[in-house]
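*Asks:* If it helps, the file is called protein27.cif and holds mmCIF, C-alpha atoms and all ligand atoms:
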data_run
loop_
_atom_site.label_atom_id
_atom_site.label_comp_id
_atom_site.auth_asym_id
_atom_site.auth_seq_id
_atom_site.Cartn_x
_atom_site.Cartn_y
_atom_site.Cartn_z
CA MET I 1 101.67 142.34 103.10
CA THR I 2 103.55 144.62 105.46
CA SER I 3 105.80 143.17 108.14
CA ALA I 4 104.76 143.40 111.80
CA HIS I 5 106.63 146.50 112.85
CA LEU I 6 105.36 148.64 109.96
CA TYR I 7 101.68 148.65 110.98
CA THR I 8 100.70 152.01 112.45
CA PHE I 9 97.22 153.35 113.12
CA ASP I 10 97.54 157.15 113.09
CA ARG I 11 94.44 157.79 110.98
CA SER I 12 92.39 155.30 113.05
CA GLU I 13 93.45 157.13 116.20
CA ASP I 14 92.57 160.54 114.75
CA LEU I 15 89.13 159.27 113.73
CA MET I 16 88.58 157.79 117.19
CA THR I 17 89.43 161.12 118.82
CA ARG I 18 86.82 162.79 116.61
CA ALA I 19 84.28 159.98 117.15
CA ARG I 20 84.51 160.17 120.96
CA LYS I 21 83.41 163.82 120.84
CA VAL I 22 80.20 163.13 118.92
CA ILE I 23 79.30 159.47 119.58
CA PRO I 24 79.02 157.85 123.05
CA SER I 25 82.14 155.63 123.43
CA GLY I 26 83.20 156.61 119.91
CA VAL I 27 82.53 153.08 118.65
CA TYR I 28 80.22 150.85 120.71
CA GLY I 29 78.83 147.33 120.82
CA HIS I 30 80.57 144.47 119.05
CA MET I 31 82.70 146.84 116.98
CA SER I 32 84.26 148.48 120.03
CA PRO I 33 88.06 148.29 119.67
CA THR I 34 88.33 147.61 123.41
CA LEU I 35 87.27 143.99 122.72
CA LEU I 36 90.36 143.57 120.52
CA THR I 37 94.02 143.98 121.48
CA VAL I 38 94.42 147.70 122.02
CA GLY I 39 97.36 149.03 120.00
CA SER I 40 97.55 146.07 117.61
CA TYR I 41 94.35 146.61 115.64
CA PRO I 42 92.89 149.37 113.53
CA MET I 43 89.72 151.08 114.74
CA PHE I 44 88.28 151.90 111.30
CA LEU I 45 88.33 150.05 107.99
CA ALA I 46 88.42 151.55 104.51
CA ARG I 47 87.73 148.80 101.97
CA GLY I 48 87.52 145.10 101.20
CA GLU I 49 88.06 142.84 98.20
CA GLY I 50 87.73 139.06 98.30
CA CYS I 51 89.14 137.89 101.62
CA ARG I 52 91.31 141.01 102.07
CA ILE I 53 90.46 144.16 104.00
CA TRP I 54 92.36 147.44 104.34
CA ASP I 55 92.19 149.82 107.27
CA VAL I 56 92.09 153.62 107.03
CA ASP I 57 95.90 153.70 107.39
CA GLY I 58 96.33 151.43 104.36
CA ASN I 59 97.31 148.27 106.30
CA GLU I 60 96.15 145.04 104.67
CA TYR I 61 94.65 142.01 106.45
CA ILE I 62 93.33 138.58 105.56
CA ASP I 63 89.85 138.76 107.05
CA PHE I 64 88.66 135.98 109.38
CA MET I 65 85.81 137.94 110.95
CA CYS I 66 83.82 138.46 107.74
CA SER I 67 82.03 141.49 109.21
CA TYR I 68 80.93 139.17 112.08
CA GLY I 69 79.45 136.71 109.60
CA PRO I 70 77.71 138.43 106.68
CA ILE I 71 80.58 138.22 104.19
CA VAL I 72 80.25 134.61 103.07
CA LEU I 73 81.47 134.72 99.46
CA GLY I 74 84.04 137.49 99.80
CA HIS I 75 83.97 141.27 99.98
CA ARG I 76 82.46 142.83 96.85
CA HIS I 77 81.92 139.46 95.18
CA PRO I 78 81.45 140.21 91.44
CA LYS I 79 78.24 138.18 91.01
CA VAL I 80 76.61 139.82 94.02
CA GLU I 81 77.78 143.28 93.00
CA GLN I 82 76.43 142.74 89.49
CA ALA I 83 73.00 141.79 90.84
CA VAL I 84 73.09 144.72 93.27
CA ASN I 85 74.04 147.22 90.57
CA ALA I 86 71.33 145.93 88.23
CA GLN I 87 68.70 146.27 90.96
CA ARG I 88 70.00 149.64 92.14
CA ALA I 89 69.67 150.94 88.56
CA GLN I 90 65.93 150.17 88.87
CA VAL I 91 65.03 151.04 92.46
CA ASP I 92 65.71 149.98 96.07
CA CYS I 93 63.28 151.30 98.73
CA GLN I 94 59.75 152.01 97.48
CA ASN I 95 56.05 152.05 98.42
CA LEU I 96 55.52 148.38 97.62
CA PRO I 97 57.82 145.39 97.41
CA SER I 98 59.61 144.49 94.18
CA GLU I 99 59.53 141.18 92.30
CA LYS I 100 62.61 140.18 94.28
CA TRP I 101 60.41 139.84 97.39
CA VAL I 102 58.58 136.91 95.78
CA GLU I 103 61.59 135.50 93.92
CA LEU I 104 63.70 135.32 97.09
CA ALA I 105 60.88 133.82 99.18
CA GLU I 106 60.41 131.11 96.53
CA LEU I 107 64.14 130.42 96.48
CA LEU I 108 64.34 130.15 100.29
CA VAL I 109 61.34 127.82 100.49
CA SER I 110 62.84 125.66 97.72
CA ILE I 111 66.13 125.16 99.59
CA THR I 112 64.79 124.95 103.18
CA PRO I 113 63.13 121.60 103.91
CA ALA I 114 61.59 122.93 107.15
CA ALA I 115 60.00 126.03 105.55
CA ASP I 116 56.72 126.52 103.73
CA TRP I 117 56.80 130.32 103.91
CA VAL I 118 59.17 133.23 104.61
CA VAL I 119 59.03 136.74 106.10
CA PHE I 120 61.69 139.42 105.69
CA ALA I 121 63.23 142.00 108.03
CA LYS I 122 66.65 143.62 108.47
CA ASN I 123 68.46 142.37 111.58
CA GLY I 124 68.82 139.02 113.30
CA SER I 125 67.22 140.56 116.40
CA ASP I 126 64.10 141.40 114.36
CA VAL I 127 63.50 137.76 113.50
CA THR I 128 64.43 136.14 116.81
CA SER I 129 61.94 138.40 118.63
CA TRP I 130 59.39 137.86 115.85
CA ALA I 131 59.74 134.07 116.25
CA LEU I 132 58.76 134.32 119.90
CA ALA I 133 55.74 136.46 119.00
CA VAL I 134 54.62 133.90 116.40
CA ALA I 135 55.07 131.08 118.91
CA ARG I 136 53.05 133.00 121.52
CA ALA I 137 50.29 133.74 119.01
CA HIS I 138 50.23 130.09 117.95
CA THR I 139 50.15 128.58 121.45
CA GLY I 140 48.36 131.28 123.47
CA ARG I 141 51.18 130.95 126.05
CA ASP I 142 53.57 133.64 127.31
CA LYS I 143 56.76 131.98 128.57
CA VAL I 144 59.79 131.10 126.43
CA THR I 145 63.03 129.23 127.10
CA MET I 146 66.54 129.83 125.82
CA THR I 147 69.96 128.41 126.68
CA SER I 148 71.78 130.42 129.31
CA GLY I 149 74.51 132.68 127.90
CA ALA I 150 73.22 132.41 124.33
CA TYR I 151 73.16 135.46 122.10
CA HIS I 152 69.89 136.11 120.26
CA GLY I 153 70.29 139.84 119.69
CA THR I 154 69.79 143.24 121.25
CA HIS I 155 66.13 143.20 122.24
CA PRO I 156 65.17 143.50 125.93
CA TRP I 157 64.21 139.82 126.46
CA CYS I 158 67.72 138.64 125.51
CA ALA I 159 70.24 141.53 125.47
CA PRO I 160 73.44 140.36 127.21
CA LEU I 161 73.63 143.38 129.57
CA PRO I 162 70.69 144.21 131.86
CA THR I 163 71.39 147.97 131.95
CA GLY I 164 68.31 149.98 131.00
CA ILE I 165 66.05 146.93 130.85
CA PRO I 166 63.20 146.50 133.39
CA ALA I 167 63.24 143.08 135.13
CA ALA I 168 59.69 142.51 133.87
CA GLU I 169 61.06 142.22 130.32
CA ARG I 170 62.99 139.09 131.37
CA ALA I 171 60.41 137.58 133.69
CA LEU I 172 58.93 135.37 130.99
CA VAL I 173 62.27 133.86 129.90
CA ALA I 174 63.48 130.63 131.57
CA THR I 175 66.94 129.23 130.84
CA PHE I 176 68.65 125.86 130.58
CA GLN I 177 72.14 124.70 129.53
CA TYR I 178 72.97 123.93 125.90
CA ASN I 179 72.98 120.16 125.25
CA ASP I 180 71.36 119.46 128.66
CA LEU I 181 68.18 117.63 127.67
CA GLU I 182 67.34 116.70 131.28
CA GLY I 183 67.68 120.37 132.30
CA LEU I 184 65.40 121.39 129.45
CA LYS I 185 62.83 118.78 130.46
CA ARG I 186 62.96 120.10 134.04
CA VAL I 187 62.33 123.70 132.93
CA ILE I 188 59.41 122.61 130.76
CA ALA I 189 57.95 120.51 133.62
CA GLU I 190 58.30 123.40 136.09
CA ASN I 191 56.41 125.64 133.63
CA LYS I 192 53.98 123.00 132.41
CA GLY I 193 51.51 124.30 129.84
CA GLN I 194 53.01 127.82 129.90
CA VAL I 195 55.93 127.64 127.45
CA ALA I 196 55.34 128.89 123.91
CA ALA I 197 58.83 128.44 122.44
CA ILE I 198 62.23 126.86 122.91
CA ILE I 199 64.81 128.94 121.04
CA ILE I 200 68.19 127.30 120.44
CA ASN I 201 71.28 128.42 118.52
CA ALA I 202 72.55 126.24 115.66
CA PHE I 203 75.44 125.29 117.94
CA ARG I 204 76.69 126.74 121.20
CA HIS I 205 78.63 129.86 120.25
CA ASP I 206 78.26 132.13 123.29
CA VAL I 207 80.98 134.76 123.56
CA PHE I 208 83.95 133.71 125.72
CA PRO I 209 83.40 130.01 126.53
CA TYR I 210 84.33 127.13 124.25
CA GLN I 211 81.98 126.45 121.37
CA GLU I 212 80.00 123.22 121.45
CA MET I 213 78.23 121.34 118.68
CA PRO I 214 74.73 120.07 119.50
CA THR I 215 74.43 116.40 120.32
CA LEU I 216 71.96 114.40 118.27
CA ASP I 217 70.23 113.28 121.49
CA PHE I 218 69.75 116.88 122.57
CA LEU I 219 68.25 118.04 119.27
CA LYS I 220 66.05 114.95 118.88
CA GLY I 221 64.99 115.20 122.53
CA ALA I 222 64.11 118.89 122.18
CA ARG I 223 62.11 118.13 119.02
CA ALA I 224 60.21 115.30 120.75
CA LEU I 225 59.53 117.45 123.82
CA CYS I 226 58.13 120.24 121.64
CA ASP I 227 55.87 117.78 119.82
CA GLN I 228 54.68 116.27 123.08
CA GLU I 229 54.05 119.58 124.87
CA GLY I 230 52.78 121.65 121.91
CA ILE I 231 55.80 123.99 122.07
CA VAL I 232 57.28 125.77 119.04
CA LEU I 233 60.92 124.84 118.34
CA VAL I 234 62.90 127.83 117.06
CA LEU I 235 66.32 127.49 115.42
CA ASP I 236 68.32 130.70 115.72
CA ASP I 237 70.43 130.23 112.59
CA VAL I 238 71.43 133.90 112.39
CA ARG I 239 75.14 133.24 112.90
CA ALA I 240 75.53 129.82 111.30
CA GLY I 241 72.94 129.88 108.50
CA PHE I 242 74.27 129.81 104.90
CA ARG I 243 77.75 128.99 106.20
CA LEU I 244 77.27 125.41 107.43
CA ASN I 245 74.29 124.25 105.36
CA LEU I 246 72.06 126.14 102.93
CA GLY I 247 68.84 124.45 104.05
CA GLY I 248 69.39 124.91 107.80
CA SER I 249 72.18 124.10 110.22
CA TRP I 250 70.34 121.14 111.76
CA GLU I 251 69.66 119.44 108.41
CA PRO I 252 72.69 117.10 108.81
CA TYR I 253 71.14 115.96 112.13
CA GLY I 254 67.76 115.31 110.52
CA VAL I 255 66.05 117.58 113.06
CA ARG I 256 63.68 120.23 111.71
CA PRO I 257 62.62 123.31 113.65
CA ASP I 258 59.17 124.91 113.42
CA LEU I 259 60.68 128.34 112.83
CA ARG I 260 64.14 129.24 111.48
CA CYS I 261 65.70 132.69 111.97
CA CYS I 262 68.36 133.86 109.49
CA SER I 263 70.32 136.99 108.68
CA LYS I 264 74.09 137.67 108.41
CA ALA I 265 75.40 135.48 105.55
CA ILE I 266 72.11 135.46 103.62
CA ALA I 267 73.05 138.45 101.42
CA ASN I 268 76.88 138.69 101.54
CA GLY I 269 76.85 141.87 103.62
CA TYR I 270 73.67 143.56 102.43
CA PRO I 271 71.16 144.14 105.25
CA LEU I 272 68.52 141.45 105.31
CA ALA I 273 66.95 138.98 107.73
CA ALA I 274 64.50 136.17 107.05
CA GLY I 275 62.17 134.19 109.29
CA MET I 276 60.89 130.90 107.91
CA GLY I 277 58.23 128.54 109.15
CA ARG I 278 56.12 125.45 108.79
CA GLU I 279 52.62 125.50 107.32
CA GLU I 280 50.97 125.05 110.77
CA LEU I 281 52.39 128.41 111.88
CA ARG I 282 51.31 130.43 108.84
CA GLY I 283 48.11 131.61 110.59
CA ALA I 284 50.05 132.81 113.64
CA ALA I 285 52.58 134.55 111.37
CA GLN I 286 49.72 136.34 109.63
CA SER I 287 48.27 137.50 112.95
CA VAL I 288 51.48 139.05 114.35
CA PHE I 289 52.23 142.72 113.61
CA PHE I 290 55.55 142.75 111.82
CA THR I 291 56.93 145.43 109.55
CA GLY I 292 59.68 148.01 109.07
CA THR I 293 60.27 150.93 106.74
CA TYR I 294 63.26 149.38 104.98
CA TRP I 295 62.28 145.72 105.11
CA GLY I 296 61.00 145.48 101.54
CA ALA I 297 64.07 147.11 99.98
CA ALA I 298 64.97 145.33 96.76
CA VAL I 299 68.77 145.67 96.62
CA PRO I 300 69.52 143.36 99.58
CA MET I 301 67.04 140.85 98.17
CA ALA I 302 68.80 140.88 94.80
CA ALA I 303 72.05 140.39 96.74
CA ALA I 304 70.57 137.43 98.65
CA ILE I 305 69.40 135.68 95.48
CA ALA I 306 72.86 136.09 93.93
CA THR I 307 74.59 135.01 97.16
CA ILE I 308 72.57 131.82 97.60
CA ASN I 309 72.83 130.85 93.92
CA THR I 310 76.58 131.49 93.90
CA LEU I 311 77.12 129.50 97.11
CA ARG I 312 75.27 126.62 95.47
CA GLU I 313 76.94 126.84 92.05
CA GLU I 314 80.47 127.30 93.37
CA GLY I 315 80.37 124.88 96.30
CA GLY I 316 80.93 127.70 98.80
CA ILE I 317 79.91 125.69 101.87
CA GLU I 318 82.37 122.89 101.01
CA GLN I 319 85.13 125.43 100.30
CA MET I 320 84.65 127.11 103.71
CA ARG I 321 84.65 123.74 105.45
CA ALA I 322 87.81 122.61 103.66
CA MET I 323 89.71 125.87 104.23
CA GLY I 324 88.54 126.00 107.85
CA GLN I 325 89.89 122.49 108.37
CA ARG I 326 93.21 123.39 106.71
CA PHE I 327 93.47 126.41 109.04
CA ARG I 328 92.57 124.34 112.09
CA ASP I 329 95.04 121.56 111.24
CA GLY I 330 97.80 124.13 110.69
CA LEU I 331 97.14 125.85 114.03
CA GLU I 332 97.04 122.50 115.82
CA GLN I 333 100.35 121.45 114.34
CA GLN I 334 102.02 124.79 115.16
CA ALA I 335 100.81 124.79 118.77
CA ARG I 336 101.86 121.15 119.24
CA SER I 337 105.34 121.67 117.89
CA LEU I 338 105.82 124.67 120.19
CA GLY I 339 104.36 122.80 123.19
CA ILE I 340 101.50 125.29 123.61
CA GLY I 341 98.16 123.96 124.88
CA ILE I 342 95.17 125.10 122.83
CA ASN I 343 91.60 123.99 122.30
CA GLN I 344 89.86 124.54 118.97
CA THR I 345 86.09 124.23 118.91
CA GLY I 346 83.09 124.76 116.68
CA PRO I 347 82.63 123.79 113.04
CA PRO I 348 85.63 124.41 110.73
CA ALA I 349 83.79 127.26 108.93
CA ILE I 350 83.09 129.05 112.27
CA PRO I 351 86.14 128.17 114.34
CA PHE I 352 87.41 129.40 117.69
CA LEU I 353 90.70 128.89 119.48
CA VAL I 354 91.34 129.26 123.20
CA PHE I 355 94.61 128.75 125.04
CA ASP I 356 94.78 126.38 127.98
CA GLY I 357 94.91 128.19 131.32
CA ASP I 358 93.82 131.51 129.84
CA PRO I 359 90.50 132.42 131.49
CA GLY I 360 91.21 136.16 131.16
CA PHE I 361 92.06 135.81 127.44
CA GLU I 362 95.49 137.45 127.91
CA ARG I 363 97.20 134.84 125.69
CA SER I 364 94.45 135.12 123.10
CA CYS I 365 94.78 138.91 123.09
CA LEU I 366 98.53 138.66 122.61
CA PHE I 367 98.20 135.97 119.91
CA CYS I 368 95.48 137.74 117.91
CA GLY I 369 97.18 141.13 118.33
CA GLU I 370 100.45 139.70 116.98
CA ALA I 371 98.53 138.10 114.09
CA ALA I 372 96.84 141.45 113.33
CA ARG I 373 100.21 143.22 113.28
CA ARG I 374 101.24 140.63 110.67
CA GLY I 375 98.14 141.13 108.51
CA VAL I 376 95.67 138.54 109.79
CA PHE I 377 92.39 139.77 111.29
CA LEU I 378 91.24 137.37 114.04
CA HIS I 379 89.34 138.11 117.26
CA PRO I 380 90.60 137.11 120.71
CA ARG I 381 87.17 136.63 122.34
CA HIS I 382 84.69 135.91 119.56
CA ASN I 383 84.47 133.02 117.11
CA TRP I 384 86.01 133.52 113.67
CA PHE I 385 84.44 133.00 110.25
CA LEU I 386 85.67 131.50 106.98
CA MET I 387 84.46 132.85 103.64
CA ALA I 388 84.38 131.08 100.29
CA ALA I 389 87.03 133.49 98.98
CA HIS I 390 89.69 132.00 101.29
CA THR I 391 92.07 129.89 99.20
CA GLU I 392 94.81 127.47 100.23
CA ARG I 393 97.32 130.25 99.53
CA ASP I 394 95.49 132.60 101.91
CA ILE I 395 95.38 129.97 104.63
CA ASP I 396 99.07 129.21 104.21
CA GLN I 397 99.93 132.91 104.33
CA THR I 398 97.78 133.18 107.47
CA LEU I 399 99.59 130.24 109.06
CA ALA I 400 102.94 131.92 108.42
CA ALA I 401 101.66 134.83 110.56
CA THR I 402 100.15 132.65 113.29
CA GLU I 403 103.42 130.70 113.61
CA GLU I 404 105.15 133.96 114.57
CA ALA I 405 102.27 134.95 116.84
CA PHE I 406 102.46 131.59 118.67
CA LYS I 407 106.20 132.12 119.18
CA VAL I 408 105.53 135.49 120.86
CA VAL I 409 102.98 133.80 123.16
CA LYS I 410 105.48 131.03 123.93
CA ALA I 411 108.21 133.57 124.74
CA LYS I 412 105.93 135.39 127.20
CA TYR I 413 103.92 132.57 128.77
CA GLY I 414 105.81 129.35 128.06
CA GLY I 415 103.67 126.29 127.11
C1 LIG I 501 72.83 133.73 116.94
C2 LIG I 501 72.50 135.17 116.77
N1 LIG I 501 71.22 135.55 116.90
C3 LIG I 501 70.85 136.82 116.74
C4 LIG I 501 71.78 137.79 116.46
C5 LIG I 501 71.36 139.22 116.31
O1 LIG I 501 71.53 139.66 114.99
P1 LIG I 501 71.64 141.21 114.67
O2 LIG I 501 72.93 141.70 115.23
O3 LIG I 501 71.61 141.27 113.17
O4 LIG I 501 70.45 141.87 115.27
C6 LIG I 501 73.13 137.45 116.32
C7 LIG I 501 74.16 138.44 116.04
O5 LIG I 501 75.33 138.25 116.23
C8 LIG I 501 73.49 136.09 116.49
O6 LIG I 501 74.76 135.70 116.38
#
Please go through the file and, once you have read it, give me the structure as structure tokens.
Ligand SMILES: Cc1ncc(COP(=O)(O)O)c(C=O)c1O

*Replies:*
Amino acid sequence: MTSAHLYTFDRSEDLMTRARKVIPSGVYGHMSPTLLTVGSYPMFLARGEGCRIWDVDGNEYIDFMCSYGPIVLGHRHPKVEQAVNAQRAQVDCQNLPSEKWVELAELLVSITPAADWVVFAKNGSDVTSWALAVARAHTGRDKVTMTSGAYHGTHPWCAPLPTGIPAAERALVATFQYNDLEGLKRVIAENKGQVAAIIINAFRHDVFPYQEMPTLDFLKGARALCDQEGIVLVLDDVRAGFRLNLGGSWEPYGVRPDLRCCSKAIANGYPLAAGMGREELRGAAQSVFFTGTYWGAAVPMAAAIATINTLREEGGIEQMRAMGQRFRDGLEQQARSLGIGINQTGPPAIPFLVFDGDPGFERSCLFCGEAARRGVFLHPRHNWFLMAAHTERDIDQTLAATEEAFKVVKAKYGG
């Protein structure tokens, strides 16, 4: 790994100059380099192997963003690549689905206690919007509720920015605060008999604020309210699914949703989303129009089967939890010994660190930028991700970089 002062980004900068001429903003959305620490990060990546990634200038990083979640086993994991190559040698996108369509649906139903059936799409946004349509078809009601500030994708009902979206698109969405059961009950009472679905993230992972795990009372209360009022409970497991628990992120709580939305980690980076549901909703799922040109493609499905089987066989979930905890403990110890106040939240496999007294994220930007310059790819404003390829050695190497990054923060801001 190269030392801090050797990282330069000339090729990234050249590519960005070219990109700005032919693409609005050059790079937009969550991949925009303006969300990172300008000058300390690359803007384009060239390749990945295991938990390592290389930018277009040849700089190497230990990856803790995992392509914003999809890379769960490691970049180019051999078992996934083998399955992908075997399928690609046959066919990918065709007139009808392949055998993998059935094989993967059977596998998902077998590992998901709350699911009797599965549908496939490409993006998380496809399946979160689909879930609301199924709930509306099932209940004959129009309104839905979500937690305020939650991310459910790019579609008009939930996109984080209102630009270009008519107010009417949002008029049927009521909000409440994550973990606030009384607030949820109030919203449902105010809209009595009109709410089709309550959609809730696996845990609170909105961009910017602290992460928050669900309380058992909240999840049980939401489940009971749905049963009482005939509302469909939707788990948006797009970010957390297949990283915290194979069968669904609320399984450890013993709370089962009616519909579960997944994407990201399901296929180790190959494009695939899945919506799953209970028997009672099969009729509604059959009645909703849902399709896409690429949704039946076989290669991502072969990748998903290999990903899920490998996670199971190799204890991937446990590995991510253990390495995430080792990382968290190391960061805690470093910050404490330097007298820096930090708060680490979320599950160990999807961690996030914020500095005390840092509402503008200046300390985070400095910290993550210094880590990047030392070969560790973190994000100052978005939660991080562990992958099963992270080993103790990788975490220890990462901690050597974060120790230096903390010292730079201490020198500039004090405790
Ligand atoms: C919880 C959650 N839901 C939905 C989405 C949307 O998924 P996609 O970007 O694949 O459309 C995301 C993406 O980050 C997400 O984190």

*Asks:* What do you get as a ChimeraX atom specification if you pick all residues at most 9 Å from ligand LIG 501 (chain I), counting all atoms listed in the file?

*Replies:* /I:30,68-69,122-128,150-155,200-203,205-206,236-240,261-264,271-273

*Asks:* Suppose we keep C-alpha atoms; can you now write the selection as a JSON list (two decimals), in the frame of the given file?

*Replies:*
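Contents of out02.json, as written:
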[["chain", "number", "residue", "atom", "x", "y", "z"],
["I", 30, "HIS", "CA", 80.57, 144.47, 119.05],
["I", 68, "TYR", "CA", 80.93, 139.17, 112.08],
["I", 69, "GLY", "CA", 79.45, 136.71, 109.60],
["I", 122, "LYS", "CA", 66.65, 143.62, 108.47],
["I", 123, "ASN", "CA", 68.46, 142.37, 111.58],
["I", 124, "GLY", "CA", 68.82, 139.02, 113.30],
["I", 125, "SER", "CA", 67.22, 140.56, 116.40],
["I", 126, "ASP", "CA", 64.10, 141.40, 114.36],
["I", 127, "VAL", "CA", 63.50, 137.76, 113.50],
["I", 128, "THR", "CA", 64.43, 136.14, 116.81],
["I", 150, "ALA", "CA", 73.22, 132.41, 124.33],
["I", 151, "TYR", "CA", 73.16, 135.46, 122.10],
["I", 152, "HIS", "CA", 69.89, 136.11, 120.26],
["I", 153, "GLY", "CA", 70.29, 139.84, 119.69],
["I", 154, "THR", "CA", 69.79, 143.24, 121.25],
["I", 155, "HIS", "CA", 66.13, 143.20, 122.24],
["I", 200, "ILE", "CA", 68.19, 127.30, 120.44],
["I", 201, "ASN", "CA", 71.28, 128.42, 118.52],
["I", 202, "ALA", "CA", 72.55, 126.24, 115.66],
["I", 203, "PHE", "CA", 75.44, 125.29, 117.94],
["I", 205, "HIS", "CA", 78.63, 129.86, 120.25],
["I", 206, "ASP", "CA", 78.26, 132.13, 123.29],
["I", 236, "ASP", "CA", 68.32, 130.70, 115.72],
["I", 237, "ASP", "CA", 70.43, 130.23, 112.59],
["I", 238, "VAL", "CA", 71.43, 133.90, 112.39],
["I", 239, "ARG", "CA", 75.14, 133.24, 112.90],
["I", 240, "ALA", "CA", 75.53, 129.82, 111.30],
["I", 261, "CYS", "CA", 65.70, 132.69, 111.97],
["I", 262, "CYS", "CA", 68.36, 133.86, 109.49],
["I", 263, "SER", "CA", 70.32, 136.99, 108.68],
["I", 264, "LYS", "CA", 74.09, 137.67, 108.41],
["I", 271, "PRO", "CA", 71.16, 144.14, 105.25],
["I", 272, "LEU", "CA", 68.52, 141.45, 105.31],
["I", 273, "ALA", "CA", 66.95, 138.98, 107.73]]

*Asks:* Select, from I:Arg136, I:Trp384, I:Trp101, I:Gly375, the residue with the minimum atom-to-atom distance to Leu6 of chain I, counting all atoms listed in the file.

*Replies:*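 The closest residue to Leu6 of chain I is I:Gly375.
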
*Asks:* Using only C-alpha atoms, which of the listed residues (I:His390, I:Phe406, I:Glu251, I:Val207) sits closest to Ile71 of chain I?

*Replies:*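 Of I:His390, I:Phe406, I:Glu251, I:Val207, the one nearest Ile71 of chain I is I:His390, counting only C-alpha atoms.
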
*Asks:* Choose the residue, out of I:Gly357, I:Gly221, I:Pro42, I:Pro209, that has the smallest atom-to-atom separation from Glu182 of chain I; count all atoms listed in the file.

*Replies:*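 Ranked by minimum distance to Glu182 of chain I, first place goes to I:Gly221.
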
*Asks:* Show me a table, sorted first by chain and then by increasing residue number, of the residues of segment 40-127 of chain I having an atom at most 12 Å from segment 274-285 of chain I, each with its shortest atom pair and the distance in Å to one decimal, counting all atoms listed in the file and written as CSV.

*Replies:*
residue,atom,partner,partner_atom,distance
I:Trp101,CA,I:Ala274,CA,11.1
I:Leu104,CA,I:Ala274,CA,10.0
I:Ala105,CA,I:Ala274,CA,9.0
I:Glu106,CA,I:Met276,CA,11.4
I:Leu107,CA,I:Met276,CA,11.9
I:Leu108,CA,I:Met276,CA,8.4
I:Val109,CA,I:Met276,CA,8.0
I:Ser110,CA,I:Met276,CA,11.6
I:Ile111,CA,I:Met276,CA,11.4
I:Thr112,CA,I:Met276,CA,8.5
I:Pro113,CA,I:Arg278,CA,9.4
I:Ala114,CA,I:Arg278,CA,6.2
I:Ala115,CA,I:Gly277,CA,4.7
I:Asp116,CA,I:Arg278,CA,5.2
I:Trp117,CA,I:Gly277,CA,5.7
I:Val118,CA,I:Met276,CA,4.4
I:Val119,CA,I:Gly275,CA,5.2
I:Phe120,CA,I:Ala274,CA,4.5
I:Ala121,CA,I:Ala274,CA,6.0
I:Lys122,CA,I:Ala274,CA,7.9
I:Asn123,CA,I:Ala274,CA,8.6
I:Gly124,CA,I:Ala274,CA,8.1
I:Ser125,CA,I:Ala274,CA,10.7
I:Asp126,CA,I:Ala274,CA,9.0
I:Val127,CA,I:Gly275,CA,5.7

*Asks:* First collect every listed atom of segment 310-326 of chain I; then fit an axis-aligned box around them, widen it by 5 Å on each side, and give centre and edge lengths in Å to one decimal, as lines of an AutoDock Vina configuration file.

*Replies:*
center_x = 84.2
center_y = 127.0
center_z = 100.2
size_x = 27.9
size_y = 19.0
size_z = 26.3

*Asks:* What separation in Å, quoted to one decimal, exists between atom CA of Pro97 of chain I and atom CA of Ile266 of chain I?

*Replies:* 18.5 Å

*Asks:* Could you work out how far atom CA of Pro33 of chain I lies from atom CA of Gly414 of chain I, giving the answer in Å with one decimal?

*Replies:*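 Atom CA of Pro33 of chain I lies at a distance of 27.3 Å from atom CA of Gly414 of chain I.
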
*Asks:* Between I:Leu172, I:Ile62, I:Ile231, I:Arg76, single out the one closest to Arg393 of chain I, counting all atoms listed in the file.

*Replies:*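 For Arg393 of chain I, the nearest of the candidates is I:Ile62.
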
*Asks:* Which of these residues is nearest to Gly39 of chain I, using only C-alpha atoms: I:Gly369, I:Gly360, I:Gln82, I:Leu378?

*Replies:*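 Closest to Gly39 of chain I of all the choices is I:Gly369.
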
*Asks:* Measuring atom to atom with only C-alpha atoms, identify which of I:His77, I:Arg18, I:Lys412, I:Arg256 is nearest to Cys226 of chain I.

*Replies:*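 Residue with the minimum atom-to-atom distance to Cys226 of chain I: I:Arg256.
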
*Asks:* Please provide the set of residues having any atom within 8 Å of Leu15 of chain I, restricted to only C-alpha atoms, with same-chain residues fewer than 4 positions apart removed, written as a PyMOL selection string.

*Replies:* chain I and resi 11+19+44
